[in-house]
$ cat upload-v9.cif   # mmCIF, C-alpha atoms and all ligand atoms
data_upload
loop_
_atom_site.label_atom_id
_atom_site.label_comp_id
_atom_site.auth_asym_id
_atom_site.auth_seq_id
_atom_site.Cartn_x
_atom_site.Cartn_y
_atom_site.Cartn_z
CA MET A 1 -19.76 11.72 -69.08
CA ARG A 2 -19.59 8.24 -67.55
CA LEU A 3 -17.25 7.84 -64.59
CA PRO A 4 -14.01 5.96 -65.28
CA VAL A 5 -13.87 3.06 -62.81
CA VAL A 6 -11.47 0.13 -62.46
CA VAL A 7 -12.87 -3.11 -61.07
CA GLY A 8 -9.90 -5.09 -59.74
CA PHE A 9 -11.38 -8.53 -60.60
CA ARG A 10 -13.85 -10.17 -63.01
CA LEU A 11 -17.59 -10.36 -62.39
CA PRO A 12 -20.29 -12.54 -63.93
CA GLU A 13 -21.02 -11.27 -67.46
CA PRO A 14 -24.47 -9.74 -66.73
CA VAL A 15 -22.92 -7.78 -63.85
CA GLU A 16 -20.04 -6.56 -66.02
CA ARG A 17 -22.60 -5.47 -68.65
CA GLU A 18 -24.42 -3.45 -66.00
CA PHE A 19 -21.16 -1.76 -64.95
CA GLN A 20 -20.35 -0.96 -68.58
CA ALA A 21 -23.83 0.43 -69.24
CA ARG A 22 -23.63 2.92 -66.38
CA LEU A 23 -19.89 3.57 -65.91
CA ASP A 24 -16.77 3.64 -68.03
CA ALA A 25 -15.66 0.37 -66.42
CA ARG A 26 -12.46 -1.63 -66.91
CA PHE A 27 -12.02 -5.09 -65.34
CA LEU A 28 -8.66 -6.56 -64.33
CA ASP A 29 -7.88 -10.26 -64.74
CA VAL A 30 -5.02 -9.96 -62.26
CA PHE A 31 -4.72 -7.22 -59.66
CA PRO A 32 -1.20 -5.71 -59.75
CA ARG A 33 0.76 -5.47 -56.49
CA ASP A 34 3.70 -3.48 -57.86
CA GLU A 35 3.91 0.29 -58.20
CA GLY A 36 4.32 0.35 -61.99
CA GLY A 37 1.57 -2.18 -62.60
CA LEU A 38 -0.84 -0.35 -60.33
CA LYS A 39 -0.12 3.01 -61.95
CA ALA A 40 -0.74 1.56 -65.42
CA ALA A 41 -3.89 -0.31 -64.39
CA LEU A 42 -5.49 2.66 -62.64
CA ASP A 43 -4.46 5.34 -65.13
CA GLY A 44 -7.20 7.97 -65.32
CA ALA A 45 -9.60 6.07 -63.04
CA ALA A 46 -11.83 7.99 -60.62
CA ALA A 47 -12.67 4.96 -58.47
CA LEU A 48 -11.36 1.50 -57.68
CA VAL A 49 -13.52 -1.51 -56.79
CA VAL A 50 -11.93 -4.21 -54.61
CA THR A 51 -13.25 -7.42 -53.04
CA PRO A 52 -12.01 -9.51 -50.05
CA PRO A 53 -9.12 -11.27 -51.85
CA ILE A 54 -7.77 -7.84 -52.87
CA LYS A 55 -6.34 -6.26 -49.75
CA ALA A 56 -6.93 -2.52 -49.74
CA ASP A 57 -4.07 -2.08 -47.29
CA ALA A 58 -1.83 0.84 -46.34
CA TRP A 59 0.52 0.06 -49.27
CA LEU A 60 -2.33 0.25 -51.76
CA PHE A 61 -3.65 3.55 -50.37
CA GLU A 62 -0.15 5.03 -50.44
CA HIS A 63 0.28 4.10 -54.11
CA LEU A 64 -3.14 5.00 -55.52
CA PRO A 65 -2.94 7.67 -58.23
CA ASP A 66 -4.37 11.09 -57.37
CA SER A 67 -7.17 10.60 -59.90
CA ILE A 68 -8.81 8.04 -57.54
CA LYS A 69 -11.52 9.80 -55.53
CA ALA A 70 -13.45 6.84 -54.06
CA ILE A 71 -13.12 3.14 -53.20
CA ALA A 72 -15.83 0.50 -53.34
CA THR A 73 -15.72 -3.04 -52.05
CA TYR A 74 -17.89 -5.69 -53.65
CA SER A 75 -18.65 -7.14 -50.19
CA VAL A 76 -20.31 -6.13 -46.95
CA GLY A 77 -17.24 -7.20 -44.95
CA LEU A 78 -14.57 -4.56 -44.53
CA ASP A 79 -11.78 -6.53 -42.86
CA HIS A 80 -9.65 -6.32 -46.05
CA VAL A 81 -9.96 -2.51 -46.22
CA ASP A 82 -7.68 -0.30 -44.13
CA LEU A 83 -10.31 2.30 -43.29
CA ALA A 84 -7.83 4.48 -41.38
CA ALA A 85 -5.61 4.64 -44.48
CA ALA A 86 -8.66 5.52 -46.61
CA ARG A 87 -9.49 8.34 -44.20
CA ARG A 88 -5.91 9.62 -44.31
CA ARG A 89 -6.23 9.87 -48.11
CA GLY A 90 -9.70 11.42 -47.72
CA LEU A 91 -11.28 8.64 -49.80
CA PRO A 92 -14.89 7.62 -49.19
CA VAL A 93 -15.56 3.85 -49.13
CA VAL A 94 -18.80 2.18 -50.19
CA HIS A 95 -19.78 -1.47 -49.59
CA THR A 96 -22.75 -3.80 -50.21
CA PRO A 97 -24.83 -4.28 -47.03
CA ASP A 98 -28.39 -5.72 -47.07
CA VAL A 99 -28.45 -6.94 -50.68
CA LEU A 100 -26.53 -10.13 -49.83
CA THR A 101 -28.24 -10.88 -46.52
CA ASP A 102 -30.74 -13.43 -47.90
CA ALA A 103 -28.18 -15.34 -49.95
CA VAL A 104 -25.76 -15.62 -47.03
CA ALA A 105 -28.52 -16.60 -44.60
CA GLU A 106 -29.58 -19.34 -47.03
CA THR A 107 -25.97 -20.55 -47.20
CA ALA A 108 -25.85 -20.65 -43.40
CA MET A 109 -28.91 -22.93 -43.40
CA LEU A 110 -27.25 -25.13 -46.04
CA LEU A 111 -24.20 -25.42 -43.78
CA LEU A 112 -26.26 -25.98 -40.64
CA LEU A 113 -28.43 -28.72 -42.16
CA SER A 114 -25.43 -30.34 -43.82
CA ALA A 115 -23.43 -30.38 -40.59
CA MET A 116 -26.31 -31.70 -38.47
CA ARG A 117 -27.36 -34.31 -41.08
CA ARG A 118 -23.81 -35.49 -41.91
CA ALA A 119 -23.97 -34.47 -45.57
CA THR A 120 -20.25 -35.00 -46.25
CA GLU A 121 -20.42 -38.66 -45.23
CA SER A 122 -23.62 -39.12 -47.23
CA ILE A 123 -22.13 -37.57 -50.37
CA VAL A 124 -18.95 -39.64 -50.06
CA LEU A 125 -20.97 -42.84 -49.54
CA ILE A 126 -23.26 -42.41 -52.53
CA ARG A 127 -20.60 -41.06 -54.89
CA SER A 128 -18.17 -43.87 -53.98
CA ARG A 129 -20.75 -46.31 -55.38
CA GLN A 130 -20.33 -48.32 -52.15
CA TRP A 131 -23.80 -47.66 -50.75
CA GLN A 132 -25.49 -50.94 -49.84
CA GLY A 133 -29.06 -49.63 -49.64
CA TRP A 134 -31.37 -48.17 -46.99
CA ASN A 135 -30.43 -49.14 -43.48
CA PRO A 136 -31.90 -47.69 -40.29
CA ARG A 137 -28.44 -47.50 -38.74
CA GLN A 138 -26.72 -45.57 -41.49
CA ILE A 139 -25.56 -41.97 -41.11
CA ILE A 140 -27.70 -40.90 -38.14
CA GLY A 141 -27.79 -37.14 -37.87
CA GLN A 142 -29.55 -34.65 -35.63
CA GLY A 143 -32.72 -32.68 -36.32
CA LEU A 144 -33.18 -28.95 -35.84
CA ASP A 145 -36.72 -28.85 -34.38
CA GLY A 146 -36.71 -27.94 -30.69
CA LYS A 147 -32.98 -27.17 -30.65
CA THR A 148 -31.33 -23.89 -29.69
CA LEU A 149 -29.36 -21.95 -32.28
CA GLY A 150 -26.78 -19.55 -30.89
CA ILE A 151 -25.77 -16.66 -33.13
CA LEU A 152 -22.61 -14.64 -32.56
CA GLY A 153 -23.26 -11.41 -34.47
CA MET A 154 -27.01 -10.85 -34.70
CA GLY A 155 -26.77 -8.20 -37.41
CA ARG A 156 -28.40 -8.17 -40.83
CA ILE A 157 -27.20 -11.67 -41.75
CA GLY A 158 -27.57 -13.06 -38.21
CA ARG A 159 -31.20 -11.94 -38.13
CA GLY A 160 -31.78 -13.45 -41.60
CA ILE A 161 -30.45 -16.76 -40.28
CA ALA A 162 -32.61 -16.49 -37.15
CA ALA A 163 -35.77 -15.98 -39.24
CA ARG A 164 -35.02 -19.10 -41.28
CA ALA A 165 -34.00 -21.21 -38.27
CA ARG A 166 -37.27 -20.30 -36.49
CA ALA A 167 -39.15 -21.83 -39.42
CA PHE A 168 -37.24 -25.06 -38.68
CA GLY A 169 -38.51 -24.96 -35.06
CA MET A 170 -35.33 -23.65 -33.46
CA ALA A 171 -35.17 -21.30 -30.48
CA ILE A 172 -32.76 -18.40 -31.02
CA ALA A 173 -30.20 -17.02 -28.59
CA TYR A 174 -27.55 -14.47 -29.53
CA SER A 175 -24.61 -12.45 -28.37
CA ASN A 176 -23.67 -8.99 -29.68
CA ARG A 177 -21.84 -6.17 -27.97
CA HIS A 178 -25.19 -4.36 -27.81
CA ARG A 179 -28.64 -5.75 -27.11
CA LEU A 180 -31.08 -5.41 -30.03
CA PRO A 181 -34.32 -3.47 -29.56
CA PRO A 182 -37.41 -5.74 -29.24
CA THR A 183 -38.51 -4.68 -32.74
CA LEU A 184 -35.43 -6.47 -34.13
CA ASP A 185 -34.82 -9.42 -31.81
CA ASN A 186 -38.13 -11.24 -32.51
CA GLY A 187 -37.99 -12.88 -29.09
CA ALA A 188 -34.38 -14.10 -29.34
CA THR A 189 -32.63 -14.38 -25.98
CA PHE A 190 -29.75 -11.93 -25.51
CA HIS A 191 -26.51 -12.98 -23.81
CA ASP A 192 -24.28 -10.09 -22.86
CA THR A 193 -21.30 -12.42 -23.03
CA PRO A 194 -20.66 -15.35 -25.38
CA GLU A 195 -19.52 -17.33 -22.34
CA THR A 196 -23.16 -17.83 -21.28
CA LEU A 197 -24.36 -18.40 -24.85
CA LEU A 198 -21.97 -21.21 -25.75
CA PRO A 199 -23.10 -23.84 -23.19
CA ILE A 200 -26.75 -23.67 -24.27
CA CYS A 201 -26.23 -23.93 -28.04
CA ASP A 202 -27.10 -27.05 -30.01
CA ALA A 203 -25.59 -25.21 -32.93
CA LEU A 204 -23.55 -22.02 -33.08
CA VAL A 205 -23.43 -19.75 -36.12
CA LEU A 206 -20.61 -17.23 -36.43
CA ALA A 207 -22.04 -14.20 -38.27
CA CYS A 208 -19.98 -11.33 -36.85
CA PRO A 209 -17.44 -9.19 -38.73
CA LEU A 210 -13.74 -10.05 -38.45
CA THR A 211 -12.28 -7.42 -36.12
CA PRO A 212 -9.40 -7.41 -33.62
CA GLU A 213 -12.00 -8.45 -31.00
CA THR A 214 -13.46 -11.40 -32.96
CA ARG A 215 -10.19 -12.72 -34.47
CA GLY A 216 -9.56 -16.15 -32.91
CA PHE A 217 -12.92 -16.03 -31.07
CA LEU A 218 -13.64 -19.77 -31.28
CA ASN A 219 -10.68 -21.20 -29.41
CA ALA A 220 -10.11 -24.23 -27.19
CA ARG A 221 -11.32 -22.42 -24.07
CA ARG A 222 -14.64 -21.46 -25.66
CA ILE A 223 -15.10 -24.83 -27.40
CA ALA A 224 -14.75 -26.45 -23.97
CA LEU A 225 -17.86 -24.51 -22.89
CA MET A 226 -19.95 -26.07 -25.70
CA LYS A 227 -21.92 -29.32 -25.75
CA PRO A 228 -20.07 -32.18 -27.49
CA SER A 229 -23.27 -32.68 -29.51
CA ALA A 230 -23.16 -29.12 -30.88
CA ALA A 231 -22.37 -28.07 -34.45
CA VAL A 232 -20.45 -24.95 -35.47
CA VAL A 233 -21.24 -22.97 -38.62
CA ASN A 234 -19.00 -20.22 -39.96
CA ILE A 235 -20.21 -17.77 -42.60
CA ALA A 236 -18.27 -14.84 -41.08
CA ARG A 237 -14.54 -14.99 -41.82
CA GLY A 238 -12.11 -17.88 -41.35
CA ASP A 239 -9.94 -16.05 -38.85
CA VAL A 240 -12.80 -15.95 -36.32
CA ILE A 241 -11.89 -19.60 -35.67
CA VAL A 242 -8.61 -21.02 -34.32
CA ASP A 243 -8.24 -23.92 -36.78
CA ASP A 244 -5.96 -26.00 -34.53
CA ASP A 245 -8.56 -25.90 -31.75
CA LEU A 246 -11.63 -26.59 -33.90
CA ILE A 247 -9.91 -29.41 -35.79
CA ALA A 248 -8.80 -31.08 -32.53
CA ALA A 249 -12.32 -30.82 -31.08
CA LEU A 250 -13.95 -32.26 -34.21
CA ALA A 251 -11.41 -35.08 -34.43
CA GLU A 252 -11.80 -35.99 -30.74
CA GLY A 253 -15.63 -35.85 -30.64
CA ARG A 254 -15.74 -32.73 -28.45
CA LEU A 255 -17.97 -31.17 -31.11
CA PHE A 256 -20.42 -32.99 -33.38
CA ALA A 257 -19.74 -31.29 -36.71
CA ALA A 258 -18.87 -28.09 -38.53
CA GLY A 259 -20.22 -26.33 -41.62
CA LEU A 260 -17.69 -23.88 -43.03
CA ASP A 261 -17.95 -21.41 -45.91
CA VAL A 262 -14.89 -19.33 -44.99
CA PHE A 263 -11.38 -20.29 -43.94
CA ALA A 264 -8.23 -18.75 -42.54
CA GLY A 265 -5.73 -18.28 -45.38
CA GLU A 266 -8.26 -19.24 -48.06
CA PRO A 267 -7.94 -20.63 -50.67
CA ARG A 268 -4.97 -22.46 -49.05
CA ILE A 269 -7.04 -23.88 -46.21
CA ASP A 270 -5.83 -26.12 -43.38
CA ALA A 271 -5.51 -29.53 -45.08
CA ARG A 272 -6.65 -31.39 -41.96
CA TYR A 273 -10.23 -30.27 -42.68
CA PHE A 274 -10.31 -32.55 -45.73
CA ASP A 275 -9.79 -35.62 -43.54
CA LEU A 276 -12.63 -34.89 -41.13
CA PRO A 277 -15.87 -36.57 -42.22
CA ASN A 278 -17.84 -34.35 -39.86
CA VAL A 279 -16.87 -31.19 -41.71
CA PHE A 280 -19.05 -29.86 -44.52
CA MET A 281 -17.17 -27.26 -46.55
CA LEU A 282 -18.09 -24.75 -49.22
CA PRO A 283 -15.64 -22.54 -51.16
CA HIS A 284 -16.83 -19.13 -49.86
CA ILE A 285 -20.07 -19.11 -51.86
CA GLY A 286 -22.13 -17.31 -49.19
CA SER A 287 -23.43 -14.59 -51.49
CA SER A 288 -23.04 -16.45 -54.81
CA THR A 289 -26.46 -16.26 -56.41
CA ILE A 290 -27.03 -14.46 -59.68
CA GLU A 291 -29.67 -12.24 -58.05
CA THR A 292 -27.24 -11.21 -55.33
CA ARG A 293 -24.27 -10.74 -57.66
CA LEU A 294 -26.42 -8.30 -59.72
CA ALA A 295 -27.74 -6.52 -56.63
CA MET A 296 -24.21 -6.14 -55.23
CA GLY A 297 -23.11 -4.70 -58.57
CA ARG A 298 -25.96 -2.17 -58.54
CA ALA A 299 -25.12 -1.20 -54.95
CA VAL A 300 -21.50 -0.50 -55.94
CA ILE A 301 -22.50 1.43 -59.08
CA ASP A 302 -25.16 3.52 -57.28
CA GLY A 303 -22.84 4.14 -54.33
CA LEU A 304 -19.93 5.30 -56.51
CA ILE A 305 -22.10 7.55 -58.69
CA ALA A 306 -23.55 9.11 -55.52
CA VAL A 307 -20.28 9.72 -53.64
CA LEU A 308 -18.54 11.04 -56.73
CA SER A 309 -21.35 13.51 -57.27
CA GLY A 310 -21.03 14.70 -53.69
CA SER A 311 -23.97 12.96 -51.95
CA ARG A 312 -24.04 10.37 -49.14
CA PRO A 313 -25.42 7.01 -50.32
CA PRO A 314 -26.85 4.64 -47.70
CA ASN A 315 -24.00 2.19 -48.34
CA LEU A 316 -21.25 4.72 -47.54
CA VAL A 317 -19.06 3.33 -44.74
CA ALA A 318 -19.42 5.73 -41.82
P1 LIG B 401 -23.79 -6.37 -39.57
O1 LIG B 401 -25.22 -6.10 -39.92
O2 LIG B 401 -22.89 -5.23 -39.28
O3 LIG B 401 -23.80 -7.37 -38.33
C1 LIG B 401 -22.68 -7.68 -37.59
C2 LIG B 401 -23.13 -8.06 -36.20
O4 LIG B 401 -21.99 -8.50 -35.45
C3 LIG B 401 -23.77 -6.93 -35.43
O5 LIG B 401 -24.96 -7.38 -34.85
C4 LIG B 401 -22.74 -6.58 -34.34
O6 LIG B 401 -23.44 -6.16 -33.17
C5 LIG B 401 -22.05 -7.92 -34.15
N1 LIG B 401 -20.70 -7.80 -33.63
C6 LIG B 401 -19.73 -6.94 -34.02
N2 LIG B 401 -18.63 -7.09 -33.25
C7 LIG B 401 -18.94 -8.07 -32.36
C8 LIG B 401 -18.23 -8.67 -31.29
N3 LIG B 401 -16.98 -8.28 -30.98
N4 LIG B 401 -18.84 -9.63 -30.56
C9 LIG B 401 -20.11 -10.00 -30.85
N5 LIG B 401 -20.84 -9.47 -31.86
C10 LIG B 401 -20.25 -8.51 -32.60
O7 LIG B 401 -23.07 -7.19 -40.72
P2 LIG B 401 -23.72 -8.29 -41.70
O8 LIG B 401 -24.19 -7.63 -42.94
O9 LIG B 401 -24.66 -9.14 -40.92
O10 LIG B 401 -22.38 -9.12 -42.07
C11 LIG B 401 -21.66 -9.79 -41.05
C12 LIG B 401 -20.38 -10.40 -41.60
O11 LIG B 401 -20.68 -11.52 -42.41
C13 LIG B 401 -19.54 -9.50 -42.51
O12 LIG B 401 -18.75 -8.59 -41.79
C14 LIG B 401 -18.71 -10.50 -43.30
O13 LIG B 401 -17.47 -10.73 -42.68
C15 LIG B 401 -19.55 -11.78 -43.25
N6 LIG B 401 -20.04 -12.13 -44.59
C16 LIG B 401 -19.69 -13.33 -45.15
C17 LIG B 401 -20.15 -13.67 -46.42
C18 LIG B 401 -19.81 -14.98 -47.05
O14 LIG B 401 -19.77 -15.07 -48.27
N7 LIG B 401 -19.58 -16.03 -46.27
C19 LIG B 401 -20.95 -12.77 -47.14
C20 LIG B 401 -21.30 -11.57 -46.54
C21 LIG B 401 -20.84 -11.26 -45.27
P3 LIG B 401 -22.74 -5.19 -32.10
O15 LIG B 401 -22.23 -4.01 -32.88
O16 LIG B 401 -23.84 -4.88 -31.14
O17 LIG B 401 -21.66 -5.99 -31.48
#
$ encode --input "upload-v9.cif" --output "structure tokens"
Amino acid sequence: MRLPVVVGFRLPEPVEREFQARLDARFLDVFPRDEGGLKAALDGAAALVVTPPIKADAWLFEHLPDSIKAIATYSVGLDHVDLAAARRRGLPVVHTPDVLTDAVAETAMLLLLSAMRRATESIVLIRSRQWQGWNPRQIIGQGLDGKTLGILGMGRIGRGIAARARAFGMAIAYSNRHRLPPTLDNGATFHDTPETLLPICDALVLACPLTPETRGFLNARRIALMKPSAAVVNIARGDVIVDDDLIAALAEGRLFAAGLDVFAGEPRIDARYFDLPNVFMLPHIGSSTIETRLAMGRAVIDGLIAVLSGSRPPNLVA
């Protein structure tokens, strides 16, 4: 018998077909946030699949029907899942590490190149039909070769970004709570505190999880440690940045540019970003490739089938 699973959102059609081929899957157009709606939507389901916009918070765990025996999130990030509440209900949680690393690392390079090469201004100029032709003074950006990339959060995605940035001639420095073994750091320089990393960066990529420790990490005090010529890239979570402080620094020339895929309060992002020509923005498309969407789907399906048959899949959250 195929496992009855409710996916709290819609997926690309080929991914939904894969769910339906291997599970008894139902997809919700709108995720209910009221008791009655939740009960009706999850009736008879053995597992629920969420994703970052669907907060798996204490309220949700309290109101899940008893039939639910496992939770999956269609993401590697877990900041929207109350893991303590899941533990209290005895529910295993699976997520999608590794399979999205390449797509997100590619997005980070898109953001980095676009910030350093002033892509927003270039796009506005050419699309406004006001471009007057090639001019050696127009839209002068900065190259990557020979520059230092600082990475906060040198995990799976951070290391994927480092590998790509090395191919562009960048030196890599990073800060984590723990130093990586030499087999994983590939010669990157470790900083045991971000305070020594920030002053040497020509560009900083935020690739850490959102946790109580990293919330509000990039604030005015830390921005003041950075070079005014540096760019900031965020593929982590919006709340790692204090928007007021980053926006002020970008507006006043205390930072060169920013490339942002994620935002505090998204999709209702701080409107001041739209007025800054030195900000290149994407609507949280870090992992949005068809290959990755399918691979994330398979990771969720495999993980749920494994936990619900009593084994420990590699993508079970510890
Ligand atoms: P990961 O392999 O767990 O890597 C996270 C890294 O962050 C680890 O190296 C960890 O090292 C470090 N870290 C954790 N807390 C830290 C702290 N307080 N200070 C400094 N470093 C810290 O996770 P991943 O697969 O690379 O994913 C990272 C994050 O990317 C996710 O959590 C998610 O929020 C985000 N993400 C975004 C998108 C997107 O669409 N934009 C897609 C996927 C993921 P230590 O434990 O040694 O500190």
$ residues_around --input "upload-v9.cif" --residues "region 203-213 of chain A" --least-positions-apart "6" --cutoff "8 Å" --atoms "only C-alpha atoms" --output "PyMOL selection string"
chain A and resi 77-79+108+112+147-155+157-158+230-237+239-240
$ residues_around --input "upload-v9.cif" --residues "Arg272 (chain A)" --least-positions-apart "2" --cutoff "10 Å" --atoms "all atoms listed in the file" --output "count of residues only"
10
$ closest_residue --input "upload-v9.cif" --among "A:Gly310, A:Gly303, A:Pro53, A:Pro277" --to "Pro97 (chain A)" --atoms "all atoms listed in the file"
A:Gly303
$ closest_residue --input "upload-v9.cif" --among "A:Asn186, A:Ser229, A:Thr73, A:Thr107" --to "Gly253 (chain A)" --atoms "all atoms listed in the file"
A:Ser229
$ atom_distance --input "upload-v9.cif" --atom1 "atom N4 of ligand LIG 401 (chain B)" --atom2 "CA of Leu180 (chain A)"
13.0 Å
$ closest_residue --input "upload-v9.cif" --among "A:Phe168, A:Trp134, A:Trp59, A:Tyr74" --to "ligand LIG 401 (chain B)" --atoms "all atoms listed in the file"
A:Tyr74
$ atom_distance --input "upload-v9.cif" --atom1 "CA of Asp102 (chain A)" --atom2 "CA of Gly286 (chain A)"
9.5 Å
$ atom_distance --input "upload-v9.cif" --atom1 "CA of Arg89 (chain A)" --atom2 "CA of Asp43 (chain A)"
17.7 Å
$ closest_residue --input "upload-v9.cif" --among "A:Glu252, A:Glu35, A:Glu18, A:Asp192" --to "ligand LIG 401 (chain B)" --atoms "only C-alpha atoms and all ligand atoms"
A:Asp192
$ residues_near_point --input "upload-v9.cif" --point "(-0.9, 0.0, -65.0)" --cutoff "12 Å" --atoms "only C-alpha atoms" --output "number ranges by chain"
A: 6, 8, 26, 28, 30-45, 63-65
$ closest_residue --input "upload-v9.cif" --among "A:Thr183, A:Thr289, A:Ser122, A:Gln130" --to "Arg159 (chain A)" --atoms "only C-alpha atoms"
A:Thr183
$ closest_residue --input "upload-v9.cif" --among "A:Val307, A:Ala21, A:Leu110, A:Ile285" --to "ligand LIG 401 (chain B)" --atoms "only C-alpha atoms and all ligand atoms"
A:Ile285
$ residues_around --input "upload-v9.cif" --residues "Arg312 (chain A)" --least-positions-apart "5" --cutoff "12 Å" --atoms "only C-alpha atoms" --output "list in words"
Pro92, Val93, Val94, Asp302, Gly303, Leu304, Ile305, Ala306, Val307, Val317 and Ala318 of chain A
$ axis_aligned_box --input "upload-v9.cif" --around "ligand LIG 401 (chain B)" --padding-each-side "4 Å" --output "JSON"
{"center_x": -21.1, "center_y": -10.0, "center_z": -39.4, "size_x": 16.2, "size_y": 20.0, "size_z": 25.7}
